[in-house]
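Below is query.txt, which holds compact mmCIF, C-alpha atoms and all ligand atoms.
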```txt
# COMPACT_ATOMS: atom_id res chain seq x y z
CA MET T 29 -166.10 -131.58 -236.55
CA ARG T 30 -168.75 -129.70 -234.62
CA ILE T 31 -166.63 -126.77 -233.46
CA PRO T 32 -165.16 -126.10 -236.92
CA ASN T 33 -168.70 -126.24 -238.38
CA VAL T 34 -169.92 -123.57 -235.99
CA ILE T 35 -166.89 -121.40 -236.61
CA ALA T 36 -167.26 -121.81 -240.37
CA VAL T 37 -170.89 -120.71 -240.24
CA LEU T 38 -170.03 -117.70 -238.13
CA ALA T 39 -167.26 -116.80 -240.55
CA LEU T 40 -169.58 -117.12 -243.53
CA ILE T 41 -172.10 -114.81 -241.94
CA LEU T 42 -169.58 -111.99 -242.09
CA VAL T 43 -168.48 -112.50 -245.66
CA PRO T 44 -170.44 -110.68 -248.34
CA SER T 45 -171.13 -113.31 -250.96
CA THR T 46 -170.52 -112.86 -254.64
CA ALA T 47 -172.44 -115.13 -256.99
CA GLY T 48 -170.88 -118.56 -257.20
CA ALA T 49 -167.87 -117.72 -255.06
CA VAL T 50 -167.27 -119.23 -251.67
CA GLU T 51 -164.91 -117.26 -249.50
CA LEU T 52 -164.17 -117.89 -245.89
CA GLY T 53 -163.87 -115.03 -243.45
CA ASP T 54 -161.84 -114.91 -240.30
CA PRO T 55 -163.27 -117.42 -237.80
CA GLN T 56 -161.90 -115.53 -234.80
CA GLN T 57 -163.44 -112.27 -235.93
CA GLY T 58 -166.73 -114.00 -236.68
CA HIS T 59 -166.83 -115.57 -233.27
CA GLN T 60 -166.11 -112.27 -231.57
CA TYR T 61 -168.73 -110.51 -233.70
CA ALA T 62 -171.32 -113.17 -232.88
CA ARG T 63 -170.56 -112.95 -229.18
CA GLN T 64 -171.09 -109.20 -229.26
CA ASN T 65 -174.12 -109.07 -231.55
CA CYS T 66 -175.93 -112.40 -231.47
CA ALA T 67 -175.29 -113.98 -228.07
CA GLU T 68 -178.04 -111.90 -226.49
CA CYS T 69 -180.49 -114.35 -228.10
CA HIS T 70 -178.47 -117.24 -229.58
CA ALA T 71 -176.24 -119.88 -228.02
CA VAL T 72 -173.14 -119.02 -230.02
CA ASP T 73 -170.59 -121.56 -228.79
CA ALA T 74 -170.34 -125.21 -229.78
CA GLY T 75 -171.70 -127.55 -227.13
CA ASP T 76 -174.07 -124.89 -225.80
CA PRO T 77 -177.56 -126.01 -226.87
CA LEU T 78 -179.64 -123.54 -224.85
CA SER T 79 -180.12 -120.09 -226.32
CA PRO T 80 -180.95 -117.20 -223.97
CA ASN T 81 -183.99 -116.61 -226.19
CA PRO T 82 -185.73 -120.00 -226.42
CA ALA T 83 -187.16 -119.11 -229.85
CA ALA T 84 -183.66 -118.58 -231.31
CA PRO T 85 -181.85 -121.70 -232.53
CA SER T 86 -178.34 -122.33 -231.24
CA PHE T 87 -175.63 -121.67 -233.81
CA GLU T 88 -174.54 -125.29 -233.43
CA TYR T 89 -178.04 -126.35 -234.50
CA VAL T 90 -177.95 -123.96 -237.45
CA ALA T 91 -174.47 -125.17 -238.45
CA ASN T 92 -175.56 -128.81 -238.36
CA THR T 93 -178.74 -128.26 -240.35
CA PRO T 94 -178.59 -130.57 -243.39
CA GLY T 95 -177.92 -128.61 -246.56
CA MET T 96 -176.61 -125.56 -244.71
CA ASN T 97 -174.06 -123.66 -246.76
CA ALA T 98 -173.09 -120.06 -247.36
CA ARG T 99 -175.90 -119.39 -249.81
CA ALA T 100 -178.58 -120.97 -247.60
CA LEU T 101 -177.35 -118.95 -244.66
CA VAL T 102 -177.44 -115.69 -246.60
CA VAL T 103 -180.97 -116.43 -247.81
C1 LIG D 201 -183.15 -110.15 -230.42
C2 LIG D 201 -182.85 -111.56 -230.55
C3 LIG D 201 -181.91 -112.02 -231.66
C4 LIG D 201 -180.66 -111.54 -231.97
C5 LIG D 201 -179.87 -110.40 -231.30
C6 LIG D 201 -180.19 -112.34 -233.09
N1 LIG D 201 -181.14 -113.28 -233.43
FE1 LIG D 201 -180.96 -114.71 -234.90
N2 LIG D 201 -182.81 -115.41 -234.46
C7 LIG D 201 -183.61 -114.94 -233.43
C8 LIG D 201 -184.85 -115.73 -233.39
C9 LIG D 201 -185.99 -115.55 -232.40
C10 LIG D 201 -184.73 -116.67 -234.44
C11 LIG D 201 -185.79 -117.71 -234.88
C12 LIG D 201 -186.67 -117.03 -235.90
C13 LIG D 201 -187.58 -117.99 -236.59
O1 LIG D 201 -187.39 -119.21 -236.51
O2 LIG D 201 -188.48 -117.49 -237.29
C14 LIG D 201 -183.44 -116.46 -235.08
C15 LIG D 201 -182.98 -117.20 -236.14
C16 LIG D 201 -181.70 -117.08 -236.65
C17 LIG D 201 -181.14 -117.96 -237.66
C18 LIG D 201 -181.81 -119.18 -238.27
C19 LIG D 201 -182.66 -118.75 -239.43
C20 LIG D 201 -183.34 -119.97 -240.05
O3 LIG D 201 -184.02 -119.77 -241.05
O4 LIG D 201 -183.21 -121.09 -239.53
C21 LIG D 201 -179.88 -117.52 -237.91
C22 LIG D 201 -178.87 -118.10 -238.89
C23 LIG D 201 -179.66 -116.35 -237.07
N3 LIG D 201 -180.77 -116.12 -236.33
C24 LIG D 201 -178.49 -115.64 -237.05
C25 LIG D 201 -178.26 -114.54 -236.23
C26 LIG D 201 -177.02 -113.79 -236.22
C27 LIG D 201 -175.82 -114.10 -237.11
C28 LIG D 201 -177.15 -112.81 -235.28
C29 LIG D 201 -176.15 -111.75 -234.91
C30 LIG D 201 -175.55 -110.97 -236.00
C31 LIG D 201 -178.48 -112.96 -234.71
N4 LIG D 201 -179.12 -114.01 -235.31
C32 LIG D 201 -178.98 -112.15 -233.70
C33 LIG D 201 -183.33 -113.92 -232.56
C34 LIG D 201 -182.20 -113.13 -232.57
```
Would you give me this structure, written as structure tokens?
Ligand code: HEC
Amino acid sequence: MRIPNVIAVLALILVPSTAGAVELGDPQQGHQYARQNCAECHAVDAGDPLSPNPAAPSFEYVANTPGMNARALVV
């Protein structure tokens, strides 16, 4: 379940949210986007706990944060 969680979070990041609606983006596109734009600081891939920037949480950590959902992520 960990890899799908990470991919789902990355996909949600790319989807503009409309109130009350939950839409999933394209996990592949999200992963590619994250690799290009976020991997400089964040560990983007599942199973990779060490971010290049130690102050930046890994995306796996973010994905597994209790209560994390699309709205929480957008906030
Ligand atoms: C220049 C470095 C850098 C880049 C590039 C970067 N981040 Fe971050 N990000 C950080 C740092 C540092 C933190 C921790 C900030 C804090 O805890 O106050 C963080 C925190 C986060 C968090 C957790 C916020 C929370 O409240 O827990 C998320 C989600 C996140 N970043 C997503 C992204 C995404 C998505 C991208 C790419 C589109 C990205 N970041 C690019 C440095 C970066």
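Closest approach to ligand LIG 201 (chain D) among T:Gly95, T:Asp76, T:Leu52, T:Val103 is made by T:Val103 (distances from all atoms listed in the file).
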Given 6 Å of margin on each side, can you work out the centre and size in Å (one decimal) of an axis-aligned box holding every listed atom of ligand LIG 201 (chain D), as lines of an AutoDock Vina configuration file?
```
center_x = -182.0
center_y = -115.6
center_z = -235.7
size_x = 24.9
size_y = 22.9
size_z = 22.6
```
Within 6 Å of ligand LIG 201 (chain D) (counting all atoms listed in the file), which residues show up? I'd like them as a short mmCIF file (atom, residue, chain, number, x, y, z; two decimals) with C-alpha atoms, in the coordinates of the input.
```
data_model
loop_
_atom_site.label_atom_id
_atom_site.label_comp_id
_atom_site.auth_asym_id
_atom_site.auth_seq_id
_atom_site.Cartn_x
_atom_site.Cartn_y
_atom_site.Cartn_z
CA ALA T 62 -171.32 -113.17 -232.88
CA ASN T 65 -174.12 -109.07 -231.55
CA CYS T 66 -175.93 -112.40 -231.47
CA GLU T 68 -178.04 -111.90 -226.49
CA CYS T 69 -180.49 -114.35 -228.10
CA ALA T 83 -187.16 -119.11 -229.85
CA ALA T 84 -183.66 -118.58 -231.31
CA PRO T 85 -181.85 -121.70 -232.53
#
```
Need the shell around Phe87 of chain T: protein/DNA/RNA residues with any atom at most 9 Å away, counting all atoms listed in the file. Skip same-chain ones fewer than 2 positions apart. Format as a PDB file with C-alpha atoms, in the frame of the given file?
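The resulting file, around14.pdb, is shown below:
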```
ATOM      1  CA  VAL T  34    -169.920-123.570-235.990  1.00  0.00           C
ATOM      2  CA  VAL T  37    -170.890-120.710-240.240  1.00  0.00           C
ATOM      3  CA  LEU T  38    -170.030-117.700-238.130  1.00  0.00           C
ATOM      4  CA  HIS T  70    -178.470-117.240-229.580  1.00  0.00           C
ATOM      5  CA  ALA T  71    -176.240-119.880-228.020  1.00  0.00           C
ATOM      6  CA  VAL T  72    -173.140-119.020-230.020  1.00  0.00           C
ATOM      7  CA  ASP T  73    -170.590-121.560-228.790  1.00  0.00           C
ATOM      8  CA  ALA T  74    -170.340-125.210-229.780  1.00  0.00           C
ATOM      9  CA  ASP T  76    -174.070-124.890-225.800  1.00  0.00           C
ATOM     10  CA  PRO T  77    -177.560-126.010-226.870  1.00  0.00           C
ATOM     11  CA  SER T  79    -180.120-120.090-226.320  1.00  0.00           C
ATOM     12  CA  ALA T  84    -183.660-118.580-231.310  1.00  0.00           C
ATOM     13  CA  PRO T  85    -181.850-121.700-232.530  1.00  0.00           C
ATOM     14  CA  TYR T  89    -178.040-126.350-234.500  1.00  0.00           C
ATOM     15  CA  VAL T  90    -177.950-123.960-237.450  1.00  0.00           C
ATOM     16  CA  ALA T  91    -174.470-125.170-238.450  1.00  0.00           C
ATOM     17  CA  ASN T  92    -175.560-128.810-238.360  1.00  0.00           C
TER      18      ASN T  92
END
```
Rounded to one decimal place, report the atom CA of Ala100 of chain T-atom CA of Gln57 of chain T distance in Å.
21.0 Å
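Reported to one decimal place, the separation of atom CA of Arg99 of chain T from atom CA of Pro80 of chain T is 26.4 Å.
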Using all atoms listed in the file, which of the listed residues (T:Gly75, T:Pro55, T:Leu101, T:Ala67) sits closest to Glu88 of chain T?
T:Gly75
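A straight line drawn from atom CA of Ser86 of chain T to atom CA of Val102 of chain T is 16.8 Å long.
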Which of these residues is nearest to Asn97 of chain T, using only C-alpha atoms: T:Gln60, T:Gly53, T:Asn33, T:Pro82?
T:Asn33
